[in-house]
>>> print(open('query_4.cif').read())   # mmCIF, C-alpha atoms and all ligand atoms
data_my_file
#
loop_
_atom_site.label_atom_id
_atom_site.label_comp_id
_atom_site.auth_asym_id
_atom_site.auth_seq_id
_atom_site.Cartn_x
_atom_site.Cartn_y
_atom_site.Cartn_z
CA MET H 219 147.63 185.61 -167.47
CA THR H 220 144.15 184.63 -166.34
CA THR H 221 141.74 184.83 -163.44
CA ILE H 222 139.22 182.11 -162.73
CA ARG H 223 136.13 182.85 -160.69
CA VAL H 224 134.82 180.21 -158.30
CA SER H 225 131.11 181.07 -158.12
CA LEU H 226 129.74 180.30 -154.67
CA GLY H 227 127.41 183.21 -153.99
CA PRO H 228 128.71 185.18 -151.01
CA ARG H 229 131.72 182.83 -150.78
CA SER H 230 132.81 183.41 -154.39
CA TYR H 231 136.48 184.04 -154.98
CA ASP H 232 139.14 184.41 -157.65
CA ILE H 233 142.04 182.18 -158.58
CA ALA H 234 144.73 184.37 -160.15
CA VAL H 235 147.10 182.42 -162.39
CA ASP H 236 150.25 184.31 -163.35
CA GLU H 237 148.57 187.68 -163.08
CA PRO H 238 150.77 190.79 -162.85
CA GLY H 239 150.96 193.03 -159.81
CA GLY H 240 151.95 190.57 -157.09
CA ILE H 241 149.97 189.17 -154.21
CA GLY H 242 149.94 192.47 -152.30
CA PRO H 243 147.31 194.31 -154.35
CA PHE H 244 145.43 191.02 -154.97
CA ALA H 245 145.08 190.40 -151.24
CA ALA H 246 144.48 194.05 -150.34
CA THR H 247 141.36 194.25 -152.51
CA ARG H 248 139.99 191.01 -151.07
CA LEU H 249 140.66 191.37 -147.36
CA LYS H 250 138.92 193.72 -144.97
CA GLY H 251 141.73 193.72 -142.43
CA ARG H 252 145.31 194.84 -142.86
CA ARG H 253 147.01 192.11 -140.85
CA ALA H 254 148.15 188.67 -141.92
CA TYR H 255 149.92 185.61 -140.61
CA VAL H 256 151.91 183.84 -143.32
CA PHE H 257 152.61 180.12 -142.89
CA ALA H 258 155.12 178.39 -145.16
CA ASP H 259 157.05 175.14 -144.92
CA TYR H 260 160.86 175.27 -144.57
CA ASN H 261 161.38 174.36 -148.23
CA VAL H 262 159.51 177.44 -149.40
CA ALA H 263 160.50 179.76 -146.57
CA ALA H 264 162.00 182.20 -149.11
CA LEU H 265 158.66 182.38 -150.91
CA GLY H 266 157.04 182.99 -147.56
CA GLU H 267 159.41 185.91 -146.93
CA ARG H 268 158.69 187.35 -150.35
CA THR H 269 154.95 187.00 -149.77
CA LEU H 270 155.25 188.83 -146.44
CA ASP H 271 157.25 191.62 -148.15
CA GLU H 272 154.77 192.02 -150.98
CA LEU H 273 151.85 192.09 -148.56
CA GLY H 274 153.70 194.70 -146.52
CA ARG H 275 154.12 196.94 -149.55
CA ALA H 276 150.36 196.80 -150.05
CA GLY H 277 149.77 197.84 -146.43
CA ILE H 278 149.13 194.38 -145.00
CA THR H 279 151.54 193.70 -142.18
CA GLY H 280 152.17 190.58 -140.18
CA ARG H 281 154.43 187.70 -139.35
CA LEU H 282 155.80 184.57 -140.93
CA ALA H 283 156.07 181.15 -139.32
CA THR H 284 157.63 178.09 -140.91
CA ILE H 285 156.34 174.54 -140.61
CA PRO H 286 158.36 171.32 -140.98
CA PRO H 287 157.69 169.95 -144.47
CA GLY H 288 155.90 166.65 -144.98
CA GLU H 289 152.61 164.90 -144.40
CA ALA H 290 153.46 164.38 -140.70
CA SER H 291 152.82 168.10 -140.16
CA LYS H 292 149.09 167.62 -140.81
CA SER H 293 148.78 166.66 -137.15
CA ILE H 294 147.02 167.82 -134.01
CA ALA H 295 150.42 168.65 -132.52
CA GLN H 296 151.39 170.94 -135.41
CA LEU H 297 147.91 172.47 -135.48
CA ALA H 298 148.37 173.36 -131.81
CA VAL H 299 151.63 175.11 -132.70
CA LEU H 300 149.79 177.24 -135.29
CA TYR H 301 147.01 178.12 -132.82
CA GLU H 302 149.69 179.17 -130.34
CA ARG H 303 151.34 181.40 -132.95
CA LEU H 304 148.03 183.01 -133.82
CA ALA H 305 147.26 183.61 -130.16
CA GLN H 306 150.68 185.20 -129.54
CA ALA H 307 150.11 187.55 -132.45
CA ARG H 308 146.83 188.71 -130.91
CA THR H 309 145.01 187.64 -134.02
CA ASP H 310 141.60 189.21 -134.47
CA ARG H 311 138.84 188.04 -136.78
CA GLN H 312 140.08 190.18 -139.64
CA THR H 313 143.63 188.85 -139.53
CA ALA H 314 144.16 186.70 -142.61
CA VAL H 315 145.98 183.40 -142.71
CA VAL H 316 148.16 183.13 -145.81
CA ALA H 317 149.21 179.56 -146.68
CA VAL H 318 152.36 179.40 -148.82
CA GLY H 319 153.31 175.87 -149.88
CA GLY H 320 151.94 172.56 -151.03
CA GLY H 321 148.83 170.71 -149.97
CA VAL H 322 150.24 170.05 -146.52
CA VAL H 323 150.56 173.74 -145.62
CA GLY H 324 147.27 174.56 -147.35
CA ASP H 325 145.33 171.86 -145.50
CA LEU H 326 146.94 172.56 -142.11
CA ALA H 327 147.01 176.37 -142.15
CA GLY H 328 143.62 176.32 -143.88
CA PHE H 329 142.15 174.24 -141.06
CA ALA H 330 143.69 176.59 -138.49
CA ALA H 331 142.01 179.46 -140.39
CA ALA H 332 138.70 177.61 -140.49
CA THR H 333 138.65 177.09 -136.74
CA TYR H 334 140.66 179.81 -134.95
CA ASN H 335 138.27 182.44 -133.62
CA ARG H 336 135.53 180.50 -135.46
CA GLY H 337 137.06 181.40 -138.78
CA LEU H 338 139.69 183.70 -140.23
CA PRO H 339 140.01 184.85 -143.82
CA LEU H 340 142.35 182.60 -145.80
CA VAL H 341 144.52 183.28 -148.83
CA MET H 342 146.05 180.30 -150.57
CA VAL H 343 149.43 180.61 -152.27
CA PRO H 344 150.02 177.10 -153.64
CA THR H 345 153.58 176.24 -154.68
CA THR H 346 153.29 172.60 -155.78
CA LEU H 347 151.51 171.48 -158.94
CA LEU H 348 149.13 169.37 -156.86
CA ALA H 349 148.24 172.32 -154.67
CA MET H 350 147.78 174.63 -157.68
CA VAL H 351 145.45 172.30 -159.57
CA ASP H 352 143.67 170.66 -156.68
CA SER H 353 144.11 171.21 -152.96
CA SER H 354 144.05 175.03 -152.87
CA VAL H 355 140.75 175.18 -154.75
CA GLY H 356 137.44 174.06 -153.30
CA GLY H 357 137.66 174.84 -149.61
CA LYS H 358 138.52 171.45 -148.14
CA VAL H 359 141.01 171.80 -145.29
CA GLY H 360 142.01 169.40 -142.58
CA ILE H 361 144.51 167.30 -140.72
CA ASN H 362 145.23 163.61 -140.20
CA LEU H 363 144.67 161.44 -137.14
CA PRO H 364 146.63 158.30 -136.31
CA ALA H 365 143.41 156.47 -137.31
CA GLY H 366 143.41 157.87 -140.84
CA LYS H 367 144.12 160.66 -143.31
CA ASN H 368 142.01 163.83 -143.39
CA LEU H 369 139.69 162.57 -140.65
CA VAL H 370 139.39 166.02 -139.08
CA GLY H 371 138.48 168.82 -141.43
CA ALA H 372 136.20 171.57 -142.58
CA PHE H 373 134.93 173.36 -145.65
CA HIS H 374 136.44 176.82 -145.53
CA GLN H 375 136.58 178.68 -148.81
CA PRO H 376 139.52 181.04 -149.26
CA ALA H 377 139.18 184.75 -149.97
CA GLY H 378 141.44 184.19 -152.97
CA VAL H 379 144.03 181.90 -154.51
CA TRP H 380 147.27 183.44 -155.80
CA ILE H 381 149.26 181.24 -158.18
CA GLU H 382 152.66 181.97 -159.72
CA THR H 383 153.52 178.98 -161.87
CA ALA H 384 157.19 180.08 -161.98
CA THR H 385 157.49 178.93 -158.36
CA LEU H 386 157.23 175.36 -159.68
CA THR H 387 160.75 175.60 -161.13
CA SER H 388 162.29 174.39 -157.88
CA LEU H 389 159.78 171.57 -157.33
CA SER H 390 161.24 168.05 -157.52
CA ASP H 391 160.56 166.03 -160.63
CA ARG H 392 158.74 163.41 -158.60
CA ASP H 393 156.38 165.94 -157.00
CA TYR H 394 155.80 167.66 -160.35
CA ARG H 395 154.88 164.37 -162.03
CA ALA H 396 152.66 163.40 -159.11
CA GLY H 397 150.70 166.63 -159.63
CA LEU H 398 150.21 165.71 -163.28
CA ALA H 399 148.14 162.70 -162.19
CA GLU H 400 145.36 165.03 -161.00
CA VAL H 401 145.66 166.97 -164.27
CA VAL H 402 145.14 163.78 -166.29
CA LYS H 403 142.18 163.08 -164.00
CA TYR H 404 140.47 166.35 -165.04
CA GLY H 405 140.80 165.38 -168.68
CA MET H 406 139.38 161.92 -168.04
CA ILE H 407 136.39 163.05 -165.99
CA LEU H 408 135.39 166.28 -167.71
CA ASP H 409 137.24 167.37 -170.80
CA ALA H 410 138.21 165.13 -173.72
CA ASP H 411 139.76 168.07 -175.61
CA PHE H 412 142.02 168.86 -172.68
CA PHE H 413 143.01 165.19 -172.48
CA ALA H 414 143.91 165.23 -176.18
CA TRP H 415 145.81 168.48 -175.70
CA LEU H 416 147.84 166.83 -172.91
CA GLU H 417 148.63 163.91 -175.22
CA SER H 418 149.86 166.24 -177.96
CA ASN H 419 151.77 168.53 -175.62
CA ALA H 420 153.15 165.99 -173.18
CA ASP H 421 156.78 166.85 -173.95
CA ALA H 422 156.26 170.58 -173.33
CA VAL H 423 154.35 169.83 -170.13
CA LEU H 424 157.09 167.52 -168.88
CA ALA H 425 159.77 170.06 -169.79
CA ARG H 426 157.81 172.62 -167.71
CA ASP H 427 157.50 174.95 -170.68
CA PRO H 428 156.01 178.08 -169.02
CA ALA H 429 153.11 178.46 -171.46
CA ALA H 430 152.22 174.78 -171.23
CA VAL H 431 152.37 174.81 -167.42
CA ALA H 432 150.20 177.92 -167.26
CA ARG H 433 147.63 176.27 -169.52
CA VAL H 434 147.68 173.07 -167.47
CA VAL H 435 147.12 174.98 -164.23
CA ALA H 436 144.49 177.37 -165.56
CA ARG H 437 142.40 174.67 -167.28
CA SER H 438 142.58 172.37 -164.26
CA CYS H 439 141.47 175.19 -161.95
CA GLU H 440 138.60 176.06 -164.30
CA LEU H 441 137.41 172.47 -164.34
CA LYS H 442 137.66 172.05 -160.57
CA ALA H 443 136.00 175.45 -160.00
CA GLY H 444 133.05 174.34 -162.15
CA VAL H 445 132.56 171.17 -160.13
CA VAL H 446 132.91 172.93 -156.78
CA ALA H 447 130.45 175.64 -157.82
CA GLY H 448 127.89 172.93 -158.59
CA ASP H 449 128.39 171.01 -155.34
CA GLU H 450 130.27 173.03 -152.75
CA ARG H 451 129.96 170.56 -149.86
CA GLU H 452 129.85 167.23 -151.66
CA GLU H 453 126.11 166.90 -151.22
CA THR H 454 124.61 166.40 -154.66
CA GLY H 455 127.08 163.83 -155.90
CA LEU H 456 128.51 166.10 -158.60
CA ARG H 457 131.70 166.73 -156.66
CA ALA H 458 132.19 162.98 -156.36
CA VAL H 459 133.51 162.86 -159.95
CA LEU H 460 136.72 164.30 -158.52
CA ASN H 461 137.20 160.97 -156.76
CA PHE H 462 137.91 159.15 -160.02
CA GLY H 463 140.75 156.72 -159.25
CA HIS H 464 140.73 157.68 -155.59
CA THR H 465 138.96 154.68 -154.06
CA PHE H 466 141.76 152.48 -155.38
CA ALA H 467 144.35 155.16 -154.64
CA HIS H 468 143.52 155.43 -150.96
CA ALA H 469 143.91 151.69 -150.57
CA PHE H 470 147.31 151.78 -152.32
CA GLU H 471 148.40 154.78 -150.24
CA THR H 472 147.68 152.97 -147.02
CA ALA H 473 150.01 150.22 -148.19
CA ALA H 474 152.67 152.48 -149.76
CA GLY H 475 153.76 154.01 -146.46
CA SER H 476 155.36 157.40 -146.08
CA ASP H 477 157.46 157.41 -149.24
CA GLY H 478 154.48 157.24 -151.59
CA ARG H 479 153.05 160.24 -153.42
CA HIS H 480 149.31 160.78 -153.58
CA GLY H 481 149.53 161.43 -157.34
CA GLU H 482 151.31 158.14 -157.96
CA ALA H 483 148.56 156.26 -156.12
CA VAL H 484 145.94 158.21 -158.09
CA ALA H 485 147.61 157.27 -161.37
CA ALA H 486 147.55 153.57 -160.47
CA GLY H 487 144.00 153.99 -159.18
CA MET H 488 142.75 155.60 -162.40
CA ALA H 489 144.31 152.79 -164.45
CA CYS H 490 142.54 150.21 -162.23
CA ALA H 491 139.24 152.09 -162.53
CA ALA H 492 139.60 152.08 -166.32
CA ARG H 493 140.29 148.33 -166.30
CA LEU H 494 137.20 147.82 -164.15
CA ALA H 495 135.12 149.94 -166.54
CA GLU H 496 136.49 148.01 -169.49
CA ARG H 497 135.54 144.73 -167.84
CA ARG H 498 131.99 146.05 -167.38
CA ARG H 499 131.98 147.02 -171.07
CA MET H 500 131.56 150.69 -170.24
CA ILE H 501 134.61 151.58 -172.35
CA PRO H 502 136.54 149.88 -175.14
CA ALA H 503 140.14 148.78 -174.56
CA ASP H 504 141.58 151.77 -176.40
CA VAL H 505 140.32 154.20 -173.72
CA THR H 506 142.28 152.30 -171.07
CA ALA H 507 145.26 152.22 -173.43
CA ARG H 508 145.16 155.99 -173.99
CA LEU H 509 144.94 156.66 -170.26
CA ILE H 510 147.82 154.32 -169.44
CA GLY H 511 149.79 155.72 -172.38
CA LEU H 512 149.53 159.29 -171.05
CA LEU H 513 150.32 158.25 -167.48
CA THR H 514 153.37 156.33 -168.69
CA LYS H 515 154.50 159.31 -170.75
CA PHE H 516 154.33 161.40 -167.57
CA GLY H 517 156.43 158.82 -165.73
CA LEU H 518 153.50 157.75 -163.59
CA PRO H 519 152.61 154.18 -162.58
CA SER H 520 149.63 152.34 -164.01
CA ALA H 521 149.67 149.68 -161.31
CA PRO H 522 150.14 149.65 -157.57
CA PRO H 523 153.48 148.74 -156.05
CA ALA H 524 154.21 144.98 -155.99
CA PRO H 525 153.46 142.55 -154.54
CA PRO H 526 149.66 142.58 -154.98
CA ARG H 527 147.81 142.60 -151.67
CA PRO H 528 144.19 142.29 -152.79
CA ASP H 529 142.75 141.43 -149.37
CA GLU H 530 144.47 144.31 -147.61
CA TRP H 531 143.48 146.75 -150.37
CA LEU H 532 139.85 145.60 -150.43
CA ASP H 533 139.70 146.00 -146.69
CA ALA H 534 141.02 149.57 -146.97
CA MET H 535 138.42 150.32 -149.67
CA ARG H 536 135.56 149.14 -147.48
CA ARG H 537 136.78 151.48 -144.76
CA ASP H 538 137.09 154.41 -147.20
CA LYS H 539 135.16 157.54 -146.15
CA LYS H 540 133.33 157.40 -149.46
CA ALA H 541 132.07 153.86 -149.04
CA VAL H 542 128.44 153.85 -147.92
CA ALA H 543 127.56 151.14 -145.40
CA GLY H 544 130.61 149.17 -146.48
CA ARG H 545 129.44 149.08 -150.12
CA LEU H 546 132.12 149.94 -152.64
CA ARG H 547 131.41 152.90 -154.92
CA PHE H 548 133.44 153.74 -157.95
CA VAL H 549 133.61 156.63 -160.34
CA LEU H 550 134.13 154.93 -163.69
CA PRO H 551 134.62 156.39 -167.16
CA HIS H 552 132.18 155.73 -169.96
CA ARG H 553 134.39 157.60 -172.39
CA ILE H 554 137.28 160.03 -172.15
CA GLY H 555 135.83 163.18 -170.61
CA ALA H 556 132.81 161.59 -168.89
CA VAL H 557 132.34 159.43 -165.81
CA ASP H 558 129.51 157.83 -163.82
CA MET H 559 129.12 156.85 -160.19
CA ILE H 560 128.60 153.10 -159.94
CA ASP H 561 127.75 151.39 -156.67
CA ASP H 562 126.71 147.89 -157.63
CA ILE H 563 130.11 146.46 -158.45
CA PRO H 564 130.62 142.97 -157.07
CA GLU H 565 133.66 142.69 -154.86
CA ASP H 566 134.93 139.76 -156.89
CA ALA H 567 135.31 141.96 -159.96
CA VAL H 568 137.40 144.41 -157.93
CA ARG H 569 139.43 141.58 -156.45
CA ASP H 570 140.15 140.25 -159.96
CA ILE H 571 141.52 143.63 -161.04
CA LEU H 572 143.62 143.90 -157.88
CA THR H 573 145.01 140.41 -158.35
CA GLU H 574 145.81 140.85 -162.04
CA VAL H 575 147.60 144.18 -161.93
CA GLY H 576 151.32 143.96 -161.57
CA PRO H 577 153.93 146.65 -161.85
N1 LIG H 601 142.25 169.92 -149.60
C1 LIG H 601 142.14 169.25 -150.72
O1 LIG H 601 141.18 169.37 -151.46
C2 LIG H 601 143.26 168.33 -151.09
C3 LIG H 601 143.27 167.75 -152.37
C4 LIG H 601 144.34 166.93 -152.71
C5 LIG H 601 145.36 166.72 -151.80
N2 LIG H 601 145.31 167.28 -150.57
C6 LIG H 601 146.40 167.09 -149.59
O2 LIG H 601 147.59 167.67 -150.12
C7 LIG H 601 148.70 167.03 -149.53
C8 LIG H 601 149.76 166.79 -150.58
O3 LIG H 601 150.11 168.01 -151.17
P1 LIG H 601 151.49 168.20 -151.95
O4 LIG H 601 151.65 167.11 -152.93
O5 LIG H 601 151.53 169.60 -152.42
O6 LIG H 601 152.57 167.87 -150.82
P2 LIG H 601 153.48 168.79 -149.89
O7 LIG H 601 152.77 169.97 -149.39
O8 LIG H 601 154.06 167.86 -148.90
O9 LIG H 601 154.64 169.27 -150.89
C9 LIG H 601 155.51 168.33 -151.45
C10 LIG H 601 156.97 168.72 -151.21
O10 LIG H 601 157.31 169.82 -152.05
C11 LIG H 601 157.92 170.85 -151.28
N3 LIG H 601 157.64 172.09 -151.99
C12 LIG H 601 156.48 172.80 -152.03
N4 LIG H 601 156.58 173.78 -152.92
C13 LIG H 601 157.81 173.74 -153.45
C14 LIG H 601 158.49 174.50 -154.44
N5 LIG H 601 157.88 175.49 -155.10
N6 LIG H 601 159.77 174.17 -154.72
C15 LIG H 601 160.37 173.14 -154.07
N7 LIG H 601 159.77 172.36 -153.16
C16 LIG H 601 158.50 172.67 -152.85
C17 LIG H 601 157.32 170.69 -149.92
O11 LIG H 601 158.14 171.27 -148.94
C18 LIG H 601 157.24 169.17 -149.79
O12 LIG H 601 158.48 168.67 -149.39
C19 LIG H 601 148.18 165.79 -148.86
O13 LIG H 601 148.17 165.97 -147.47
C20 LIG H 601 146.75 165.66 -149.36
O14 LIG H 601 145.89 165.06 -148.41
C21 LIG H 601 144.28 168.08 -150.21
ZN ZN H 602 143.71 163.53 -155.30
#
>>> encode(input="query_4.cif", output="structure tokens")
Amino acid sequence: MTTIRVSLGPRSYDIAVDEPGGIGPFAATRLKGRRAYVFADYNVAALGERTLDELGRAGITGRLATIPPGEASKSIAQLAVLYERLAQARTDRQTAVVAVGGGVVGDLAGFAAATYNRGLPLVMVPTTLLAMVDSSVGGKVGINLPAGKNLVGAFHQPAGVWIETATLTSLSDRDYRAGLAEVVKYGMILDADFFAWLESNADAVLARDPAAVARVVARSCELKAGVVAGDEREETGLRAVLNFGHTFAHAFETAAGSDGRHGEAVAAGMACAARLAERRRMIPADVTARLIGLLTKFGLPSAPPAPPRPDEWLDAMRRDKKAVAGRLRFVLPHRIGAVDMIDDIPEDAVRDILTEVGP
């Protein structure tokens, strides 16, 4: 259907969304070597097998290993298992790592690719909506430590991203909706027309109408690619717009425990950020209302799980990687489709929002 170019000079690559031909020819034209190690989680093992077959038909041979699904796999222990697999396969520097799955597989296998032999080529084959619109694009890979999420990581751009939106058919409703939170985010931070399109086409998007899903994925990838191209390593501040809703979200995630979904926390976080912006008179009330309306339509929360724990949440925010010297920074909207980075927000204002919001 469409190919999106991520322009990063010598590290430029393509994101193929529903293109014909299969991953075999796509990978073969982008990889120097003819060997690959495919990693997939158990839930998408069949897609992993198919990927291995298609690569084989294009002359790229290799192995498949499956990973236990779930966030717990983004661990040092699981990373060690991947290194061991790569070592057993006598991986050389031209052997590609192919990550088939959601953000967990992409982050974990991607980090193995970034570090094994000081870097192996990586092909991302995202199979969740979140991975298609967010985690497979931009080069961030990593694992968690007991001390916190994503504390060990690298920037390692893939050689290509291969997306087949039809693979989303088997994704759970909850995971699909969670992915939509990041999609709404792109509309809020960068593209008012896309936001309006989501409002008008919410039913088709929710029903996973193939054309609507393809549009959602392609536009989200385009928007993220544009940001990443302007600030590959989060140095100029441009890439920070992607953190809209995320300072709140990370605090809520810490409290939500293992059953929470990142997208659900992001939805609640974006609603809180809009309330904060409204309080600072950056936006009128109807912007918050439109955001919450779309989130609600997508079955997403607009408040963190009860009961409110403002002190605990504030504490988590101060410890956030993005806080500078303990000072809270927020990406806040000044209209739909445009945001600013604000770092002079008094903690009391944040505490008020956190105390007021209920489920
Ligand atoms: N690197 C980045 O830039 C970035 C950005 C955002 C999020 N992340 C990371 O992504 C992770 C979350 O990703 P996720 O939401 O994709 O979670 P996930 O990888 O855990 O996938 C969610 C669930 O869906 C299953 N699944 C995957 N594809 C499926 C399919 N096609 N059909 C049926 N089931 C399928 C998985 O097995 C899993 O149980 C987090 O660890 C987060 O930190 C990374
Ligand atoms: Zn996110």
>>> residues_near_ligand(input="query_4.cif", ligand="ligand LIG 601 (chain H)", cutoff="7 Å", atoms="only C-alpha atoms and all ligand atoms", output="PyMOL selection string")
chain H and resi 259-262+287-289+292+319-323+325+345-349+352-359+367-368+385-390+393+397+480
>>> closest_residue(input="query_4.cif", among="H:Pro339, H:Ile381, H:Thr465, H:Ala492", to="H:Asp561", atoms="only C-alpha atoms")
H:Thr465
>>> closest_residue(input="query_4.cif", among="H:Leu441, H:Val351, H:Val505, H:Leu363", to="ligand ZN 602 (chain H)", atoms="all atoms listed in the file")
H:Val351
>>> residues_around(input="query_4.cif", residues="H:Gly366", least_positions_apart="5", cutoff="12 Å", atoms="only C-alpha atoms", output="PyMOL selection string")
chain H and resi 290+292-293+360-361+468-469+471-472+534+537-539
>>> residues_near_ligand(input="query_4.cif", ligand="ligand ZN 602 (chain H)", cutoff="8 Å", atoms="all atoms listed in the file", output="VMD selection string")
chain H and resid 352 400 460 to 461 464 480 to 481 484
>>> atom_distance(input="query_4.cif", atom1="atom CA of H:Gly378", atom2="atom CA of H:Ile241")
10.0 Å
>>> closest_residue(input="query_4.cif", among="H:Glu574, H:Asp236, H:Glu565, H:Asp529", to="H:Glu382", atoms="only C-alpha atoms")
H:Asp236
>>> build_atoms(input="query_4.cif", residues="stretch 296-314 of chain H", atoms="N, CA, C and O atoms", output="compact mmCIF listing (two decimals), in the coordinates of the input")
# COMPACT_ATOMS: atom_id res chain seq x y z
N GLN H 296 150.97 169.79 -134.61
CA GLN H 296 151.39 170.94 -135.41
C GLN H 296 150.27 171.98 -135.47
O GLN H 296 150.53 173.19 -135.48
N LEU H 297 149.04 171.53 -135.49
CA LEU H 297 147.91 172.47 -135.48
C LEU H 297 147.95 173.31 -134.20
O LEU H 297 147.75 174.53 -134.23
N ALA H 298 148.28 172.65 -133.09
CA ALA H 298 148.37 173.36 -131.81
C ALA H 298 149.46 174.43 -131.86
O ALA H 298 149.29 175.53 -131.30
N VAL H 299 150.55 174.13 -132.55
CA VAL H 299 151.63 175.11 -132.70
C VAL H 299 151.10 176.35 -133.46
O VAL H 299 151.36 177.50 -133.08
N LEU H 300 150.33 176.11 -134.51
CA LEU H 300 149.79 177.24 -135.29
C LEU H 300 148.82 178.08 -134.44
O LEU H 300 148.86 179.31 -134.47
N TYR H 301 147.94 177.38 -133.69
CA TYR H 301 147.01 178.12 -132.82
C TYR H 301 147.79 179.01 -131.86
O TYR H 301 147.44 180.16 -131.60
N GLU H 302 148.88 178.44 -131.31
CA GLU H 302 149.69 179.17 -130.34
C GLU H 302 150.27 180.43 -130.98
O GLU H 302 150.25 181.52 -130.42
N ARG H 303 150.79 180.26 -132.21
CA ARG H 303 151.34 181.40 -132.95
C ARG H 303 150.28 182.48 -133.16
O ARG H 303 150.54 183.67 -132.99
N LEU H 304 149.11 182.05 -133.56
CA LEU H 304 148.03 183.01 -133.82
C LEU H 304 147.64 183.74 -132.53
O LEU H 304 147.41 184.95 -132.53
N ALA H 305 147.63 182.99 -131.45
CA ALA H 305 147.26 183.61 -130.16
C ALA H 305 148.31 184.63 -129.74
O ALA H 305 147.98 185.74 -129.30
N GLN H 306 149.60 184.27 -129.91
CA GLN H 306 150.68 185.20 -129.54
C GLN H 306 150.61 186.49 -130.35
O GLN H 306 150.99 187.56 -129.88
N ALA H 307 150.15 186.37 -131.58
CA ALA H 307 150.11 187.55 -132.45
C ALA H 307 148.84 188.38 -132.23
O ALA H 307 148.57 189.32 -132.96
N ARG H 308 148.08 188.01 -131.21
CA ARG H 308 146.83 188.71 -130.91
C ARG H 308 145.94 188.84 -132.15
O ARG H 308 145.43 189.90 -132.49
N THR H 309 145.80 187.71 -132.79
CA THR H 309 145.01 187.64 -134.02
C THR H 309 143.56 188.03 -133.75
O THR H 309 142.96 187.55 -132.78
N ASP H 310 143.03 188.92 -134.57
CA ASP H 310 141.60 189.21 -134.47
C ASP H 310 140.90 188.60 -135.68
O ASP H 310 141.53 188.00 -136.54
N ARG H 311 139.59 188.77 -135.74
CA ARG H 311 138.84 188.04 -136.78
C ARG H 311 139.08 188.55 -138.19
O ARG H 311 138.63 187.94 -139.15
N GLN H 312 139.77 189.68 -138.30
CA GLN H 312 140.08 190.18 -139.64
C GLN H 312 141.51 189.86 -140.06
O GLN H 312 141.92 190.18 -141.17
N THR H 313 142.27 189.24 -139.17
CA THR H 313 143.63 188.85 -139.53
C THR H 313 143.54 187.66 -140.48
O THR H 313 142.88 186.67 -140.18
N ALA H 314 144.23 187.77 -141.62
CA ALA H 314 144.16 186.70 -142.61
C ALA H 314 145.27 185.69 -142.38
O ALA H 314 146.37 186.04 -141.97
